[in-house]
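Novice: What follows is a single structure, and I will ask about it in a moment.
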Amino acid sequence: MTSGKTEHAGTGEVDMFKAVSLNRVSQAIVDQVKLLLRQGRLKPGDRLPSERELCERFGVSRVTVREALRVLEAGGLIDIRVGARGGAFVTSPTSQQIGAGLADLLHLSPLTAAQVTEARQVFELGIVSLVVERATEEDIAALRDMVRSQQAALDRGEYVMSMSADFHIRVAACTHNPAIEMLVQSFHGPLLMSLLKAQVVEPLMGHRGSEEHSAFVDAIAARDVEWARSIMREHLQRTADRVSEPSEAAQA
């Protein structure tokens with residue numbers, strides 16, 4: 001029989017978990033675990049009590065505990081391992097997981113291509129100096145490979161706008177700032193949407209964009225911030241012009 005005073009998850013805390021009696025008990029368990037994470041009483045690497053112990057601590061069935069653990073795992077908050085040394089371990093969600101969650105919210109928002117491009121002008125121009133300063137030789141080589149793939153696809157008539165979106169996301173990764181990478185990952189869907197709308201206006205777009213991508217990589221390699229910023233400014237402005245929305249006065 002497990003004692004009511006058992007320490008859990010290697011934190012030295014006693015009685016961290018409380019029995020729940022709400023209608024959505026699995027969500028109540030999830031909320032408790034999230035609160036413990038915010039308070040620092042649970043940390044990445046800590047192992048949660050066994051399913052049996054959690055059932056006793058929360059006063060619920062094993063089915064309910066498993067449902068809560070699945071939600072926590074899907075949110076990137078725990079990692080469930082199997083085997084003799086398995087169990088549910090606290091982890092930190094990756095920038096891709098966080099970005100995917102934000103992306104879902106953005107997809108549900110009524111964003112226009114013009115609004116997305118305006119945000120890109122602020123954000124992507126703002127990180128140019130960090131990209132130029134922090135991009136490694138491996139980063140530059142990866143960007144050059146992407147440009148070569150774009151140009152080859154253009155020659156074959158197989159270029160798709162997702163190639164451009166992927167290039168801009170890879171550029172942001174050159175900042176080596178997880179927060180920036182997370183934000184850009186979340187913006188992938190709206191970014192692609194805005195590029196596709198711009199392509200409707202200019203069906204042959206891609207050739208000039210690929211050339212600018214190549215020049216931008218050259219500017220990064222030369223560690224020339226002003227050159228890189230000038231290329232990116234013109235690059236984004238052309239997209240902005242293509243997706244610009246008529247003013248209310250013009251519509252009247």
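Quick note on naming: the chains in the structure tokens go A, B, ... in the order shown, residues restart at 1 in each chain, and ligands are numbered from 1 in order of appearance.
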For Leu143 in chain A, find every residue with an atom within 12 Å (counting only C-alpha atoms), except residues of its own chain fewer than 5 positions away, and show them as a ChimeraX atom specification.
Specialist: /A:131,135-138,148-150,163-164,166-174,210,213-221
Novice: Output C-alpha atoms for every residue in the selection just made, as an mmCIF file, in the first residue's frame.
Specialist:
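In the end it all went to part.cif:
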```
data_model
loop_
_atom_site.group_PDB
_atom_site.id
_atom_site.type_symbol
_atom_site.label_atom_id
_atom_site.label_comp_id
_atom_site.auth_asym_id
_atom_site.auth_seq_id
_atom_site.Cartn_x
_atom_site.Cartn_y
_atom_site.Cartn_z
ATOM 1 C CA VAL A 131 21.389 36.274 -39.037
ATOM 2 C CA ALA A 135 25.077 32.250 -39.193
ATOM 3 C CA THR A 136 27.648 29.450 -39.156
ATOM 4 C CA GLU A 137 29.430 28.050 -42.186
ATOM 5 C CA GLU A 138 27.066 25.063 -41.937
ATOM 6 C CA ARG A 148 20.440 25.380 -55.775
ATOM 7 C CA SER A 149 17.389 23.173 -55.254
ATOM 8 C CA GLN A 150 15.103 26.115 -56.003
ATOM 9 C CA MET A 163 10.397 26.153 -51.223
ATOM 10 C CA SER A 164 10.461 29.896 -50.619
ATOM 11 C CA ASP A 166 11.174 26.865 -46.193
ATOM 12 C CA PHE A 167 14.087 29.144 -47.153
ATOM 13 C CA HIS A 168 12.820 31.983 -44.973
ATOM 14 C CA ILE A 169 12.273 29.620 -42.042
ATOM 15 C CA ARG A 170 15.828 28.310 -42.434
ATOM 16 C CA VAL A 171 17.137 31.878 -42.488
ATOM 17 C CA ALA A 172 15.445 32.536 -39.136
ATOM 18 C CA ALA A 173 17.118 29.423 -37.723
ATOM 19 C CA CYS A 174 20.463 31.109 -38.421
ATOM 20 C CA SER A 210 15.449 32.711 -56.102
ATOM 21 C CA HIS A 213 17.728 34.387 -52.095
ATOM 22 C CA SER A 214 21.125 33.643 -53.632
ATOM 23 C CA ALA A 215 22.278 37.252 -53.257
ATOM 24 C CA PHE A 216 21.033 37.286 -49.662
ATOM 25 C CA VAL A 217 23.158 34.257 -48.841
ATOM 26 C CA ASP A 218 26.145 35.994 -50.448
ATOM 27 C CA ALA A 219 25.524 38.998 -48.193
ATOM 28 C CA ILE A 220 25.404 36.744 -45.133
ATOM 29 C CA ALA A 221 28.658 35.077 -46.156
#
```
Novice: Check range 16-75 of chain A with DSSP on the backbone and list each residue it calls alpha helix (DSSP H), as a PDB file with C-alpha atoms, in the first residue's frame.
Specialist:
```pdb
ATOM      1  CA  VAL A  25     -11.191  14.897 -14.275  1.00  0.00           C
ATOM      2  CA  SER A  26      -8.485  14.156 -16.839  1.00  0.00           C
ATOM      3  CA  GLN A  27      -8.195  17.886 -17.645  1.00  0.00           C
ATOM      4  CA  ALA A  28      -8.014  18.643 -13.933  1.00  0.00           C
ATOM      5  CA  ILE A  29      -5.025  16.293 -13.699  1.00  0.00           C
ATOM      6  CA  VAL A  30      -3.391  17.979 -16.672  1.00  0.00           C
ATOM      7  CA  ASP A  31      -3.933  21.379 -15.063  1.00  0.00           C
ATOM      8  CA  GLN A  32      -2.354  20.210 -11.810  1.00  0.00           C
ATOM      9  CA  VAL A  33       0.747  18.911 -13.573  1.00  0.00           C
ATOM     10  CA  LYS A  34       1.073  22.165 -15.544  1.00  0.00           C
ATOM     11  CA  LEU A  35       0.810  24.152 -12.319  1.00  0.00           C
ATOM     12  CA  LEU A  36       3.562  22.064 -10.711  1.00  0.00           C
ATOM     13  CA  LEU A  37       5.737  22.714 -13.763  1.00  0.00           C
ATOM     14  CA  ARG A  38       5.151  26.472 -13.551  1.00  0.00           C
ATOM     15  CA  GLN A  39       5.962  26.408  -9.840  1.00  0.00           C
ATOM     16  CA  GLU A  51      -0.074   5.002 -13.102  1.00  0.00           C
ATOM     17  CA  ARG A  52      -1.162   3.100  -9.999  1.00  0.00           C
ATOM     18  CA  GLU A  53       0.241   5.761  -7.688  1.00  0.00           C
ATOM     19  CA  LEU A  54      -1.348   8.551  -9.716  1.00  0.00           C
ATOM     20  CA  CYS A  55      -4.709   6.779  -9.551  1.00  0.00           C
ATOM     21  CA  GLU A  56      -4.405   6.688  -5.765  1.00  0.00           C
ATOM     22  CA  ARG A  57      -3.173  10.252  -5.455  1.00  0.00           C
ATOM     23  CA  PHE A  58      -5.886  11.721  -7.692  1.00  0.00           C
ATOM     24  CA  ARG A  62      -6.462   4.210 -14.552  1.00  0.00           C
ATOM     25  CA  VAL A  63      -8.334   5.094 -17.761  1.00  0.00           C
ATOM     26  CA  THR A  64      -8.605   8.710 -16.594  1.00  0.00           C
ATOM     27  CA  VAL A  65      -4.922   8.867 -15.666  1.00  0.00           C
ATOM     28  CA  ARG A  66      -3.899   7.461 -19.049  1.00  0.00           C
ATOM     29  CA  GLU A  67      -6.072  10.029 -20.839  1.00  0.00           C
ATOM     30  CA  ALA A  68      -4.357  12.838 -18.903  1.00  0.00           C
ATOM     31  CA  LEU A  69      -0.918  11.419 -19.672  1.00  0.00           C
ATOM     32  CA  ARG A  70      -1.758  11.265 -23.376  1.00  0.00           C
ATOM     33  CA  VAL A  71      -2.743  14.947 -23.319  1.00  0.00           C
ATOM     34  CA  LEU A  72       0.492  15.876 -21.534  1.00  0.00           C
ATOM     35  CA  GLU A  73       2.541  13.823 -23.977  1.00  0.00           C
ATOM     36  CA  ALA A  74       0.815  15.405 -26.996  1.00  0.00           C
TER      37      ALA A  74
END
```
Novice: Select, from A:Leu125, A:Met232, A:Val200, A:Val116, the residue with the minimum atom-to-atom distance to His188 in chain A, counting only C-alpha atoms.
Specialist: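 Going through A:Leu125, A:Met232, A:Val200, A:Val116 one by one, the smallest distance to His188 in chain A is for A:Val116.
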Novice: Near Gly86 in chain A, counting only C-alpha atoms, which residues have an atom at most 12 Å away, once you skip same-chain residues fewer than 3 positions from it, shown as a short mmCIF file (atom, residue, chain, number, x, y, z; two decimals) with N, CA, C and O atoms, in the first residue's frame?
Specialist:
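This went into out_23.cif:
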```cif
data_model
loop_
_atom_site.label_atom_id
_atom_site.label_comp_id
_atom_site.auth_asym_id
_atom_site.auth_seq_id
_atom_site.Cartn_x
_atom_site.Cartn_y
_atom_site.Cartn_z
N ARG A 47 10.71 12.02 -13.00
CA ARG A 47 9.81 10.93 -13.37
C ARG A 47 8.53 11.06 -12.55
O ARG A 47 8.57 11.19 -11.32
N LEU A 48 7.40 11.00 -13.23
CA LEU A 48 6.12 11.05 -12.53
C LEU A 48 5.88 9.71 -11.82
O LEU A 48 6.46 8.70 -12.21
N PRO A 49 5.04 9.71 -10.81
CA PRO A 49 4.69 8.45 -10.15
C PRO A 49 4.07 7.48 -11.17
O PRO A 49 3.62 7.88 -12.24
N SER A 50 4.03 6.22 -10.81
CA SER A 50 3.44 5.21 -11.69
C SER A 50 1.95 5.48 -11.87
O SER A 50 1.34 6.25 -11.12
N GLU A 51 1.36 4.84 -12.88
CA GLU A 51 -0.07 5.00 -13.10
C GLU A 51 -0.87 4.63 -11.85
O GLU A 51 -1.84 5.30 -11.50
N ASP A 79 7.39 12.67 -21.59
CA ASP A 79 7.84 11.66 -22.54
C ASP A 79 7.56 10.31 -21.90
O ASP A 79 8.08 10.02 -20.81
N ILE A 80 6.73 9.50 -22.53
CA ILE A 80 6.37 8.19 -21.97
C ILE A 80 7.30 7.14 -22.57
O ILE A 80 7.34 6.93 -23.79
N ARG A 81 8.05 6.48 -21.71
CA ARG A 81 9.00 5.46 -22.14
C ARG A 81 8.55 4.10 -21.65
O ARG A 81 7.96 3.98 -20.60
N VAL A 82 8.88 3.08 -22.44
CA VAL A 82 8.50 1.71 -22.08
C VAL A 82 9.72 0.96 -21.59
O VAL A 82 10.86 1.42 -21.76
N GLY A 83 9.49 -0.18 -20.99
CA GLY A 83 10.60 -0.99 -20.51
C GLY A 83 10.73 -0.94 -19.00
O GLY A 83 9.97 -0.24 -18.30
N PHE A 89 8.15 10.76 -17.99
CA PHE A 89 9.20 11.69 -17.58
C PHE A 89 8.88 13.10 -18.07
O PHE A 89 8.47 13.29 -19.21
#
```
Novice: Do you know which residues are at most 8 Å from range 192-196 of chain A counting only C-alpha atoms, after dropping those on the same chain fewer than 3 positions away, and could you put them as a list in words?
Specialist: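 The contact residues come out as Thr112, Ala113, Ala114, Val116, Thr117, Met161, Ser162, Ala165, His188, Gly189, Gln199, Val200, Thr239 and Val243 of chain A.
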Novice: Please write the residues from the selection above to a file, keeping N, CA, C and O atoms, as a PDB file, in the first residue's frame.
Specialist:
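Below is the file that was written, part.pdb:
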```
ATOM      1  N   THR A 112      -5.124  38.156 -43.324  1.00  0.00           N
ATOM      2  CA  THR A 112      -5.041  38.363 -44.768  1.00  0.00           C
ATOM      3  C   THR A 112      -3.592  38.269 -45.206  1.00  0.00           C
ATOM      4  O   THR A 112      -2.665  38.406 -44.393  1.00  0.00           O
ATOM      5  N   ALA A 113      -3.391  38.050 -46.495  1.00  0.00           N
ATOM      6  CA  ALA A 113      -2.037  37.976 -47.036  1.00  0.00           C
ATOM      7  C   ALA A 113      -1.289  39.285 -46.824  1.00  0.00           C
ATOM      8  O   ALA A 113      -0.080  39.298 -46.554  1.00  0.00           O
ATOM      9  N   ALA A 114      -2.005  40.404 -46.920  1.00  0.00           N
ATOM     10  CA  ALA A 114      -1.372  41.714 -46.724  1.00  0.00           C
ATOM     11  C   ALA A 114      -0.906  41.874 -45.279  1.00  0.00           C
ATOM     12  O   ALA A 114       0.190  42.394 -45.019  1.00  0.00           O
ATOM     13  N   VAL A 116      -0.150  39.466 -43.166  1.00  0.00           N
ATOM     14  CA  VAL A 116       0.975  38.547 -42.946  1.00  0.00           C
ATOM     15  C   VAL A 116       2.263  39.130 -43.510  1.00  0.00           C
ATOM     16  O   VAL A 116       3.314  39.104 -42.860  1.00  0.00           O
ATOM     17  N   THR A 117       2.189  39.689 -44.702  1.00  0.00           N
ATOM     18  CA  THR A 117       3.389  40.239 -45.327  1.00  0.00           C
ATOM     19  C   THR A 117       3.891  41.464 -44.567  1.00  0.00           C
ATOM     20  O   THR A 117       5.110  41.665 -44.430  1.00  0.00           O
ATOM     21  N   MET A 161       5.838  27.165 -54.100  1.00  0.00           N
ATOM     22  CA  MET A 161       6.079  28.264 -53.181  1.00  0.00           C
ATOM     23  C   MET A 161       6.526  27.807 -51.796  1.00  0.00           C
ATOM     24  O   MET A 161       7.107  28.576 -51.039  1.00  0.00           O
ATOM     25  N   SER A 162       6.269  26.551 -51.452  1.00  0.00           N
ATOM     26  CA  SER A 162       6.731  26.062 -50.154  1.00  0.00           C
ATOM     27  C   SER A 162       8.259  26.094 -50.067  1.00  0.00           C
ATOM     28  O   SER A 162       8.823  26.176 -48.974  1.00  0.00           O
ATOM     29  N   ALA A 165       9.036  29.488 -48.702  1.00  0.00           N
ATOM     30  CA  ALA A 165       8.685  29.538 -47.278  1.00  0.00           C
ATOM     31  C   ALA A 165       9.733  28.809 -46.441  1.00  0.00           C
ATOM     32  O   ALA A 165      10.168  29.304 -45.392  1.00  0.00           O
ATOM     33  N   HIS A 188       4.576  29.407 -40.434  1.00  0.00           N
ATOM     34  CA  HIS A 188       4.775  28.751 -41.724  1.00  0.00           C
ATOM     35  C   HIS A 188       3.505  28.749 -42.569  1.00  0.00           C
ATOM     36  O   HIS A 188       3.543  29.082 -43.760  1.00  0.00           O
ATOM     37  N   GLY A 189       2.362  28.381 -41.964  1.00  0.00           N
ATOM     38  CA  GLY A 189       1.112  28.327 -42.718  1.00  0.00           C
ATOM     39  C   GLY A 189       0.702  29.675 -43.296  1.00  0.00           C
ATOM     40  O   GLY A 189       0.466  29.795 -44.509  1.00  0.00           O
ATOM     41  N   GLN A 199       1.503  34.650 -55.801  1.00  0.00           N
ATOM     42  CA  GLN A 199       1.725  33.895 -57.037  1.00  0.00           C
ATOM     43  C   GLN A 199       0.535  33.997 -57.979  1.00  0.00           C
ATOM     44  O   GLN A 199       0.688  33.938 -59.204  1.00  0.00           O
ATOM     45  N   VAL A 200      -0.657  34.180 -57.416  1.00  0.00           N
ATOM     46  CA  VAL A 200      -1.847  34.354 -58.254  1.00  0.00           C
ATOM     47  C   VAL A 200      -1.709  35.634 -59.071  1.00  0.00           C
ATOM     48  O   VAL A 200      -2.068  35.692 -60.252  1.00  0.00           O
ATOM     49  N   THR A 239       6.577  41.367 -52.624  1.00  0.00           N
ATOM     50  CA  THR A 239       5.449  40.531 -52.204  1.00  0.00           C
ATOM     51  C   THR A 239       4.330  41.393 -51.630  1.00  0.00           C
ATOM     52  O   THR A 239       3.147  41.172 -51.901  1.00  0.00           O
ATOM     53  N   VAL A 243       0.260  41.629 -52.857  1.00  0.00           N
ATOM     54  CA  VAL A 243      -0.884  41.208 -52.043  1.00  0.00           C
ATOM     55  C   VAL A 243      -1.591  42.381 -51.374  1.00  0.00           C
ATOM     56  O   VAL A 243      -2.472  42.189 -50.547  1.00  0.00           O
TER      57      VAL A 243
END
```
Novice: Counting only C-alpha atoms, which of A:Gly157, A:Gly126, A:Gly75, A:Gly87 gets nearest to Gly45 in chain A?
Specialist: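 Closest to Gly45 in chain A of all the choices is A:Gly87.
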Novice: Enumerate as a list in words all residues of range 62-93 of chain A assigned to strand (DSSP E or B) by DSSP on the backbone, naming them with the chain letters and numbers the document uses.
Specialist: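 These are the residues in question: Ile78, Asp79, Ile80, Arg81, Gly87, Ala88, Phe89 and Val90 of chain A.
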Novice: Dump C-alpha atoms for the selected residues as a JSON list (two decimals), in the first residue's frame?
Specialist:
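That gives us part_18.json:
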```
[["chain", "number", "residue", "atom", "x", "y", "z"],
["A", 78, "ILE", "CA", 6.10, 14.51, -20.76],
["A", 79, "ASP", "CA", 7.84, 11.66, -22.54],
["A", 80, "ILE", "CA", 6.37, 8.19, -21.97],
["A", 81, "ARG", "CA", 9.00, 5.46, -22.14],
["A", 87, "GLY", "CA", 7.53, 5.61, -17.13],
["A", 88, "ALA", "CA", 6.34, 9.18, -17.66],
["A", 89, "PHE", "CA", 9.20, 11.69, -17.58],
["A", 90, "VAL", "CA", 8.87, 15.46, -17.54]]
```
Novice: One decimal, in Å: what's the spacing between CA of Ala153 in chain A and CA of Gly206 in chain A?
Specialist: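 Between these atoms lies a distance of 9.9 Å.
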Novice: Work out how far apart CA of Arg229 in chain A and CA of Arg144 in chain A are and give it in Å to one decimal.
Specialist: 17.9 Å
Novice: At what distance in Å, to one decimal, does CA of Glu133 in chain A lie from CA of Arg223 in chain A?
Specialist: 6.7 Å
Novice: Which is closest to Leu154 in chain A among A:Pro110, A:Ile180, A:Gly209, A:Arg134, if we use only C-alpha atoms?
Specialist: A:Gly209
Novice: Fewer than 2 positions away in the same chain doesn't count, so skip those; otherwise give me all residues within 9 Å of Glu181 in chain A, counting only C-alpha atoms, as number ranges by chain.
Specialist: A: 95-96, 99, 169-170, 172-179, 183-186
Novice: Residues of the last selection are to be written out with all heavy atoms, as a CSV table (one decimal), in the first residue's frame.
Specialist:
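Output file out-v9.csv is given in full below:
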```
chain,number,residue,atom,x,y,z
A,95,SER,N,10.8,23.7,-29.9
A,95,SER,CA,10.3,24.9,-30.6
A,95,SER,C,9.3,24.5,-31.7
A,95,SER,O,8.3,25.2,-32.0
A,95,SER,CB,11.4,25.7,-31.2
A,95,SER,OG,12.1,24.9,-32.2
A,96,GLN,N,9.5,23.3,-32.3
A,96,GLN,CA,8.6,22.8,-33.4
A,96,GLN,C,7.2,22.5,-32.8
A,96,GLN,O,6.2,22.8,-33.4
A,96,GLN,CB,9.1,21.6,-34.1
A,96,GLN,CG,10.3,21.8,-35.0
A,96,GLN,CD,11.6,22.0,-34.2
A,96,GLN,OE1,11.7,21.7,-33.0
A,96,GLN,NE2,12.7,22.3,-34.9
A,99,GLY,N,5.6,25.8,-31.8
A,99,GLY,CA,5.2,26.5,-33.1
A,99,GLY,C,4.0,25.9,-33.7
A,99,GLY,O,3.2,26.6,-34.2
A,169,ILE,N,12.2,30.2,-43.4
A,169,ILE,CA,12.3,29.6,-42.0
A,169,ILE,C,13.7,29.2,-41.7
A,169,ILE,O,14.2,29.4,-40.6
A,169,ILE,CB,11.3,28.4,-42.0
A,169,ILE,CG1,9.9,28.9,-42.0
A,169,ILE,CG2,11.6,27.5,-40.8
A,169,ILE,CD1,8.8,27.8,-42.2
A,170,ARG,N,14.4,28.7,-42.7
A,170,ARG,CA,15.8,28.3,-42.4
A,170,ARG,C,16.7,29.5,-42.1
A,170,ARG,O,17.6,29.5,-41.3
A,170,ARG,CB,16.4,27.6,-43.7
A,170,ARG,CG,17.8,27.0,-43.4
A,170,ARG,CD,17.8,26.0,-42.3
A,170,ARG,NE,19.1,25.4,-42.1
A,170,ARG,CZ,20.0,26.0,-41.3
A,170,ARG,NH1,19.8,27.1,-40.7
A,170,ARG,NH2,21.2,25.4,-41.1
A,172,ALA,N,15.7,32.2,-40.5
A,172,ALA,CA,15.4,32.5,-39.1
A,172,ALA,C,16.2,31.6,-38.2
A,172,ALA,O,16.6,32.1,-37.1
A,172,ALA,CB,14.0,32.5,-38.9
A,173,ALA,N,16.4,30.4,-38.6
A,173,ALA,CA,17.1,29.4,-37.7
A,173,ALA,C,18.6,29.8,-37.6
A,173,ALA,O,19.2,29.4,-36.6
A,173,ALA,CB,17.0,28.0,-38.3
A,174,CYS,N,19.1,30.6,-38.5
A,174,CYS,CA,20.5,31.1,-38.4
A,174,CYS,C,20.7,32.0,-37.2
A,174,CYS,O,21.8,32.3,-36.9
A,174,CYS,CB,20.9,31.8,-39.7
A,174,CYS,SG,20.9,30.7,-41.2
A,175,THR,N,19.6,32.5,-36.6
A,175,THR,CA,19.8,33.4,-35.4
A,175,THR,C,20.2,32.6,-34.2
A,175,THR,O,20.7,33.1,-33.2
A,175,THR,CB,18.5,34.1,-35.1
A,175,THR,OG1,17.5,33.2,-34.8
A,175,THR,CG2,18.0,35.0,-36.3
A,176,HIS,N,19.9,31.3,-34.3
A,176,HIS,CA,20.2,30.4,-33.2
A,176,HIS,C,19.6,30.9,-31.9
A,176,HIS,O,20.1,30.7,-30.8
A,176,HIS,CB,21.7,30.2,-33.0
A,176,HIS,CG,22.4,29.5,-34.2
A,176,HIS,ND1,22.4,28.2,-34.4
A,176,HIS,CD2,23.0,30.1,-35.3
A,176,HIS,CE1,23.0,27.9,-35.5
A,176,HIS,NE2,23.3,29.0,-36.1
A,177,ASN,N,18.4,31.4,-32.1
A,177,ASN,CA,17.5,31.8,-31.0
A,177,ASN,C,16.3,31.0,-31.0
A,177,ASN,O,15.4,31.1,-31.9
A,177,ASN,CB,17.2,33.3,-31.1
A,177,ASN,CG,16.3,33.9,-30.0
A,177,ASN,OD1,15.5,33.2,-29.5
A,177,ASN,ND2,16.6,35.1,-29.6
A,178,PRO,N,16.1,30.1,-30.0
A,178,PRO,CA,14.9,29.2,-30.0
A,178,PRO,C,13.6,30.0,-30.0
A,178,PRO,O,12.6,29.5,-30.6
A,178,PRO,CB,15.1,28.4,-28.7
A,178,PRO,CG,16.5,28.5,-28.4
A,178,PRO,CD,17.0,29.8,-28.9
A,179,ALA,N,13.5,31.1,-29.4
A,179,ALA,CA,12.2,31.9,-29.4
A,179,ALA,C,11.9,32.4,-30.8
A,179,ALA,O,10.7,32.3,-31.3
A,179,ALA,CB,12.4,33.1,-28.5
A,183,LEU,N,8.7,31.2,-33.2
A,183,LEU,CA,7.7,32.1,-33.8
A,183,LEU,C,7.6,31.9,-35.3
A,183,LEU,O,6.5,31.9,-35.9
A,183,LEU,CB,8.1,33.5,-33.5
A,183,LEU,CG,8.0,34.0,-32.1
A,183,LEU,CD1,8.6,35.4,-31.9
A,183,LEU,CD2,6.5,34.1,-31.7
A,184,VAL,N,8.8,31.6,-35.9
A,184,VAL,CA,8.8,31.4,-37.4
A,184,VAL,C,8.1,30.1,-37.8
A,184,VAL,O,7.4,30.0,-38.8
A,184,VAL,CB,10.2,31.5,-38.0
A,184,VAL,CG1,10.2,31.2,-39.4
A,184,VAL,CG2,10.8,32.9,-37.8
A,185,GLN,N,8.4,29.1,-37.0
A,185,GLN,CA,7.7,27.8,-37.2
A,185,GLN,C,6.2,27.9,-37.2
A,185,GLN,O,5.5,27.4,-38.0
A,185,GLN,CB,8.2,26.8,-36.2
A,185,GLN,CG,9.6,26.2,-36.4
A,185,GLN,CD,9.7,25.3,-37.5
A,185,GLN,OE1,8.7,24.8,-38.0
A,185,GLN,NE2,10.9,25.0,-37.9
A,186,SER,N,5.7,28.7,-36.2
A,186,SER,CA,4.3,28.9,-36.1
A,186,SER,C,3.7,29.7,-37.3
A,186,SER,O,2.5,29.6,-37.5
A,186,SER,CB,4.0,29.6,-34.8
A,186,SER,OG,4.3,31.0,-34.8
```
Novice: Which one of A:Leu111, A:Val60, A:Ala84, A:Val128 sits closest to Pro190 in chain A if you count only C-alpha atoms?
Specialist: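 Residue with the minimum atom-to-atom distance to Pro190 in chain A: A:Leu111.
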